[in-house]
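Below you'll find the structure, written out as structure tokens, and then a few comments.
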Amino acid sequence: MEAMAEHSRETRVTGESVADKIQERLQKRHQARAEDAERKKEAKESQSVAEEKSEYFASTFNAEQASIEELLSSCSGADRTVVTQTLEEATVKTLQLQKFLNDSILFLTQYELRRAQDALQKLLASSAEIREEALPKKKFAFRARSKATDKVSAPPVIDTPAGTGSTKVVGAPAESLQCCFSNMDNVCLIKTAEDIHKQDVLLTHLNNCKVRLFGSPSTLHMTHINNCEILCGPVSSSVFVDQCSNSTLAIPCQQLRTHNTTDTQVYLHVTSRAIVEDCHGVHFAPFTWSYPTLDEDFIVSGLDRDRNNWSQVDDFNWLAAGTPSPNWNVIPEAERKTNWEL
Amino acid sequence: MGLLTILKKMKQKEREMRLLMLGLDNAGKTTILKKFNGEDVSTISPTLGFNIKTLEHRGFKLNIWDVGGQKSLRSYWRNYFESTDGLVWVVDSADRLRLEDCRKELSSLLLEERLAGATLLVFANKQDLPGALSKEAIQEALALDEIKSHHWCIIGCSAVTGKNLLAGVDWLLDDIAARIFTID
Ligand SMILES: Nc1nc2c(ncn2[C@@H]2O[C@H](COP(=O)(O)OP(=O)(O)OP(=O)(O)O)[C@@H](O)[C@H]2O)c(=O)[nH]1
Ligand SMILES: [Mg+2]
């Protein structure tokens, strides 16, 4: 990118003297170097602040955790009133610790967050265990609950006038207004704006298919896709992918949620975030498919064309801080698909 | 004065409620929370941990917890059960394929001791989508009529348009308030 810009600038100045050109180039290079050094320094500084904070978090959290554990272990063999008091104290402390975690969430890595959550979960579980053992349930708990049961009211109907609620059979396709394409092999499926505009589109059980969705759906859901090429116009909210393999997808959307997917390429424009869960071999590149009404469809979708976070993928199964997930990667520029013709 | 009365009195003074929002991933929990609070919903990412928001509504202080619903996060839900006054279960009404998952997750939540006293609001979200199931269909699919352990209500809503979000929250507050702030 930068090299190209430089190059075009150079071609523009061919009329000037060679000395001027060299002078200018040296100047530019010097400036770039200075800027780069500055950037590195800043990055280093913010990195060390983050490290400091997370160190503080870890030591405070561990100390609190240890003190709660101690409280809990002091319960064994103690008499009833002591246990009651100790448990109460432990609960208050655990809730405070939870709050401390909440307040720290901004600078914690996913890994630290999960570890802290696990620790909290353990504390809650063992205090519940102690309570169960030392303090068998009191009567009032039962009474309070059965009272609540007495009061259970018929759910009020809020947004539908009485009588109009037809009993729909769940999932019955006849009644469904969902736009659904399913169970197809070796076909080329083309849909235009009339079919999919502002619709929730579902693609399922497609094998060896080429799919072109020209238009802007509200949302897109695909499951059980194998060996397909699916290109879609801008989706205004989320795209949900499940059980997809050996396929190529190209989609602009607000969120991409990828599950149980393997060996698939995704040419993506995503304005918030893409995630993968239980995936392997998912490869990402920026969205490059184009068709005549793409600009209008982008406007319809409300997606910000200038914000594309295609390379910032969160893997819900990968917690190690600092090490990239082995489950997805970026497609090298030279290997990206550029020809989208059918 | 018993412990329950003391707790009631404490809460009464603060008029504070703790609401827990759960549901499958992609249901629209975070979008509901932000829309209700008047924030931009176009930049929301799938939730990696949880969000907590404290807001004032009708003189109540609401602590709303929105916890991520991805499969790998569901085992952490129980970390948030303690002292929950209201449970908001959010459903993507257009996601027929995962309705059974959704029913199972909800029914196991309702067995949780620590949620026993909580009021349940089910939001049948994404009603703006043409393929969305009606709230009656969701009520049936989730077997809500079988719930005898909790006060519950289902409301069709859309986090994108904001429709019925207020109606749902107001019902929840009224039900909780009647339970915990009654003067004895
Ligand atoms: N059409 C429509 N889309 C919605 C609605 N509510 C949420 N969405 C979209 O659904 C997607 C998921 O919404 P989120 O709020 O991130 O879902 P969540 O329940 O918080 O998901 P997790 O954080 O993974 O548990 C987003 O793309 C939202 O824009 C709605 O009422 N209608
Ligand atoms: Mg969320």
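Going by the structure tokens order, chains are called A, B, ..., each with residues numbered from 1, while ligands are numbered from 1 in the order shown.
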
Using only C-alpha atoms and a cut-off of 8 Å, which residues of chain B sit close to chain A? Please list them as a compact mmCIF listing (two decimals) with N, CA and C atoms, in the first residue's frame.
# COMPACT_ATOMS: atom_id res chain seq x y z
N ASN B 26 -26.48 -14.45 20.28
CA ASN B 26 -27.18 -13.86 19.13
C ASN B 26 -28.66 -13.54 19.40
N SER B 42 -25.33 -0.04 16.88
CA SER B 42 -24.72 -0.55 15.65
C SER B 42 -23.30 -1.08 15.86
N THR B 43 -22.69 -0.74 16.99
CA THR B 43 -21.29 -1.13 17.19
C THR B 43 -21.13 -2.31 18.15
N ILE B 44 -22.26 -2.96 18.50
CA ILE B 44 -22.19 -4.04 19.49
C ILE B 44 -21.51 -5.29 18.93
N SER B 45 -20.56 -5.82 19.69
CA SER B 45 -19.89 -7.07 19.31
C SER B 45 -20.47 -8.21 20.14
N PRO B 46 -20.31 -9.45 19.67
CA PRO B 46 -20.68 -10.59 20.52
C PRO B 46 -19.96 -10.48 21.87
N LEU B 48 -17.92 -11.15 25.05
CA LEU B 48 -16.87 -12.09 25.46
C LEU B 48 -16.96 -12.47 26.93
N GLY B 49 -17.43 -11.57 27.76
CA GLY B 49 -17.58 -11.86 29.18
C GLY B 49 -18.98 -11.45 29.59
N ILE B 52 -22.20 -4.87 32.61
CA ILE B 52 -23.08 -4.51 33.70
C ILE B 52 -23.43 -3.04 33.56
N SER B 72 -19.48 -21.72 24.95
CA SER B 72 -18.33 -21.84 25.86
C SER B 72 -18.46 -20.95 27.09
N TYR B 76 -20.51 -20.38 32.88
CA TYR B 76 -20.22 -19.29 33.81
C TYR B 76 -21.48 -18.55 34.27
N ARG B 78 -23.79 -19.35 36.10
CA ARG B 78 -24.13 -19.52 37.50
C ARG B 78 -23.34 -18.59 38.43
N ASN B 79 -22.25 -18.02 37.91
CA ASN B 79 -21.50 -17.05 38.73
C ASN B 79 -22.32 -15.80 39.02
N ALA B 94 -36.71 -15.59 15.55
CA ALA B 94 -36.60 -16.10 14.19
C ALA B 94 -35.67 -17.32 14.12
N ARG B 96 -35.53 -20.63 14.60
CA ARG B 96 -36.28 -21.85 14.88
C ARG B 96 -35.37 -23.03 15.16
N ALA B 116 -34.44 -19.14 42.67
CA ALA B 116 -35.79 -19.57 43.04
C ALA B 116 -36.75 -18.42 43.28
N GLY B 117 -36.29 -17.33 43.86
CA GLY B 117 -37.21 -16.24 44.16
C GLY B 117 -37.41 -15.26 43.01
N LEU B 129 -38.52 -8.97 12.42
CA LEU B 129 -38.15 -9.82 11.28
C LEU B 129 -39.39 -10.51 10.72
N PRO B 130 -39.51 -10.56 9.40
CA PRO B 130 -40.70 -11.17 8.80
C PRO B 130 -40.86 -12.64 9.21
N GLY B 131 -39.77 -13.33 9.45
CA GLY B 131 -39.87 -14.76 9.79
C GLY B 131 -39.96 -15.05 11.27
N ALA B 132 -40.12 -14.00 12.08
CA ALA B 132 -40.16 -14.23 13.53
C ALA B 132 -41.40 -15.00 13.94
N LEU B 133 -41.24 -15.94 14.87
CA LEU B 133 -42.40 -16.63 15.43
C LEU B 133 -43.11 -15.68 16.38
N SER B 134 -44.42 -15.84 16.50
CA SER B 134 -45.17 -14.99 17.42
C SER B 134 -44.81 -15.34 18.85
N GLU B 136 -46.79 -16.21 21.08
CA GLU B 136 -47.57 -17.39 21.48
C GLU B 136 -46.83 -18.67 21.07
N ALA B 137 -46.24 -18.62 19.88
CA ALA B 137 -45.50 -19.81 19.43
C ALA B 137 -44.27 -20.04 20.29
N ILE B 138 -43.62 -18.96 20.68
CA ILE B 138 -42.44 -19.09 21.55
C ILE B 138 -42.87 -19.63 22.92
N ALA B 141 -43.27 -23.26 22.46
CA ALA B 141 -42.01 -23.97 22.22
C ALA B 141 -41.16 -24.06 23.49
N LYS B 148 -44.30 -23.43 37.17
CA LYS B 148 -45.11 -23.13 38.34
C LYS B 148 -44.26 -22.50 39.44
N SER B 149 -42.97 -22.49 39.23
CA SER B 149 -42.07 -22.07 40.31
C SER B 149 -41.78 -20.57 40.32
N HIS B 150 -42.07 -19.90 39.24
CA HIS B 150 -41.72 -18.48 39.13
C HIS B 150 -42.90 -17.68 38.58
N HIS B 151 -42.97 -16.43 38.98
CA HIS B 151 -43.86 -15.52 38.26
C HIS B 151 -43.24 -15.31 36.89
N TRP B 152 -44.04 -15.36 35.84
CA TRP B 152 -43.43 -15.16 34.52
C TRP B 152 -44.37 -14.42 33.58
N CYS B 153 -43.77 -13.91 32.52
CA CYS B 153 -44.53 -13.19 31.50
C CYS B 153 -43.71 -13.20 30.22
N ILE B 154 -44.38 -13.35 29.07
CA ILE B 154 -43.64 -13.27 27.81
C ILE B 154 -44.10 -12.05 27.03
N ILE B 155 -43.17 -11.35 26.47
CA ILE B 155 -43.49 -10.14 25.73
C ILE B 155 -42.73 -10.14 24.40
N GLY B 156 -43.45 -9.89 23.32
CA GLY B 156 -42.80 -9.78 22.01
C GLY B 156 -42.17 -8.40 21.89
N ASN B 164 -41.82 -2.30 22.73
CA ASN B 164 -42.18 -3.13 23.89
C ASN B 164 -41.09 -3.37 24.93
N ALA B 167 -42.43 -1.82 28.06
CA ALA B 167 -43.54 -2.59 28.61
C ALA B 167 -43.02 -3.79 29.39

Would you mind listing, for every residue of chain B within 9 Å of ligand 1, the two atoms forming the shortest contact and the distance between them in Å to one decimal, using only C-alpha atoms and all ligand atoms, sorted by chain and ascending residue number, as a tab-separated table?
residue	atom	partner	partner_atom_place_in_ligand_line	distance
B:Met21	CA	ligand 1	19 (O)	8.8
B:Leu22	CA	ligand 1	25 (O)	7.6
B:Gly23	CA	ligand 1	19 (O)	6.4
B:Leu24	CA	ligand 1	25 (O)	5.9
B:Asp25	CA	ligand 1	25 (O)	3.6
B:Asn26	CA	ligand 1	21 (O)	3.8
B:Ala27	CA	ligand 1	19 (O)	3.8
B:Gly28	CA	ligand 1	15 (O)	3.3
B:Lys29	CA	ligand 1	19 (O)	3.7
B:Thr30	CA	ligand 1	15 (O)	3.8
B:Thr31	CA	ligand 1	15 (O)	3.7
B:Ile32	CA	ligand 1	15 (O)	6.5
B:Leu33	CA	ligand 1	15 (O)	8.0
B:Lys34	CA	ligand 1	15 (O)	8.4
B:Val41	CA	ligand 1	29 (O)	6.8
B:Ser42	CA	ligand 1	29 (O)	6.6
B:Thr43	CA	ligand 1	29 (O)	8.6
B:Ile44	CA	ligand 1	16 (O)	5.7
B:Ser45	CA	ligand 1	16 (O)	5.6
B:Pro46	CA	ligand 1	23 (O)	4.1
B:Thr47	CA	ligand 1	23 (O)	3.5
B:Leu48	CA	ligand 1	23 (O)	6.9
B:Gly49	CA	ligand 1	23 (O)	8.2
B:Phe50	CA	ligand 1	23 (O)	7.9
B:Asp66	CA	ligand 1	20 (O)	7.4
B:Val67	CA	ligand 1	25 (O)	6.5
B:Gly68	CA	ligand 1	25 (O)	3.7
B:Gly69	CA	ligand 1	25 (O)	3.5
B:Gln70	CA	ligand 1	24 (O)	5.3
B:Leu73	CA	ligand 1	25 (O)	8.7
B:Val90	CA	ligand 1	19 (O)	7.1
B:Val91	CA	ligand 1	19 (O)	8.1
B:Asp92	CA	ligand 1	6 (N)	7.6
B:Ser93	CA	ligand 1	31 (O)	8.9
B:Ala124	CA	ligand 1	31 (O)	8.8
B:Asn125	CA	ligand 1	31 (O)	5.1
B:Lys126	CA	ligand 1	31 (O)	3.3
B:Gln127	CA	ligand 1	31 (O)	6.1
B:Asp128	CA	ligand 1	32 (N)	5.6
B:Leu129	CA	ligand 1	1 (N)	5.4
B:Cys157	CA	ligand 1	31 (O)	6.6
B:Ser158	CA	ligand 1	31 (O)	3.4
B:Ala159	CA	ligand 1	31 (O)	3.7
B:Val160	CA	ligand 1	31 (O)	4.5
B:Thr161	CA	ligand 1	31 (O)	6.8
B:Gly162	CA	ligand 1	31 (O)	7.5
B:Lys163	CA	ligand 1	31 (O)	8.4

Close residues, Phe181 in chain A itself excluded, 9 Å, only C-alpha atoms, min 2 positions apart in chain, as an MDAnalysis selection string: chainID A and resid 179 183:184 189 201:206

DSSP-assigned alpha helix (DSSP H) among range 80-146 of chain B, expressed as a list of chain:residue names: B:Leu99, B:Glu100, B:Asp101, B:Cys102, B:Arg103, B:Lys104, B:Glu105, B:Leu106, B:Ser107, B:Ser108, B:Leu109, B:Leu110, B:Lys135, B:Glu136, B:Ala137, B:Ile138, B:Gln139, B:Glu140, B:Ala141

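Atom pair CA of Pro252 in chain A / CA of Phe287 in chain A: separated by 6.9 Å.
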
Test item: residues at most 9 Å from Leu87 in chain B, only C-alpha atoms, excluding those fewer than 3 positions along its chain, as a ChimeraX atom specification: /B:18-22,84,115,118-122,172

Export N, CA and C atoms of the chosen residues as a short mmCIF file (atom, residue, chain, number, x, y, z; two decimals), in the first residue's frame?
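part-v3.cif written:
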data_model
loop_
_atom_site.label_atom_id
_atom_site.label_comp_id
_atom_site.auth_asym_id
_atom_site.auth_seq_id
_atom_site.Cartn_x
_atom_site.Cartn_y
_atom_site.Cartn_z
N ARG B 18 -31.68 -6.15 41.22
CA ARG B 18 -30.64 -6.77 40.41
C ARG B 18 -31.31 -7.64 39.34
N LEU B 19 -31.05 -7.29 38.08
CA LEU B 19 -31.65 -8.04 36.98
C LEU B 19 -30.56 -8.78 36.22
N LEU B 20 -30.84 -10.01 35.88
CA LEU B 20 -29.87 -10.83 35.16
C LEU B 20 -30.43 -11.17 33.78
N MET B 21 -29.69 -10.80 32.71
CA MET B 21 -30.15 -11.10 31.35
C MET B 21 -29.37 -12.27 30.79
N LEU B 22 -30.09 -13.31 30.43
CA LEU B 22 -29.45 -14.48 29.84
C LEU B 22 -30.21 -14.91 28.60
N THR B 84 -30.31 -12.39 42.59
CA THR B 84 -31.04 -11.90 41.41
C THR B 84 -32.51 -11.71 41.74
N LEU B 115 -31.92 -19.02 41.97
CA LEU B 115 -32.82 -18.17 41.20
C LEU B 115 -34.26 -18.37 41.62
N ALA B 118 -36.67 -15.43 41.93
CA ALA B 118 -36.65 -14.39 40.89
C ALA B 118 -37.88 -14.43 39.99
N THR B 119 -38.29 -13.24 39.56
CA THR B 119 -39.36 -13.12 38.57
C THR B 119 -38.76 -13.34 37.18
N LEU B 120 -39.51 -14.01 36.30
CA LEU B 120 -38.99 -14.31 34.96
C LEU B 120 -39.72 -13.50 33.88
N LEU B 121 -38.95 -12.72 33.13
CA LEU B 121 -39.51 -12.04 31.95
C LEU B 121 -38.88 -12.68 30.72
N VAL B 122 -39.72 -13.17 29.80
CA VAL B 122 -39.18 -13.70 28.55
C VAL B 122 -39.41 -12.67 27.46
N LEU B 172 -41.81 -6.28 34.78
CA LEU B 172 -40.84 -6.93 35.66
C LEU B 172 -40.69 -6.14 36.96
#

Closest of B:Ser107, B:Asn51, B:Asn37, B:Ser83 to ligand 2 - atom-to-atom distances counting only C-alpha atoms and all ligand atoms: B:Asn51
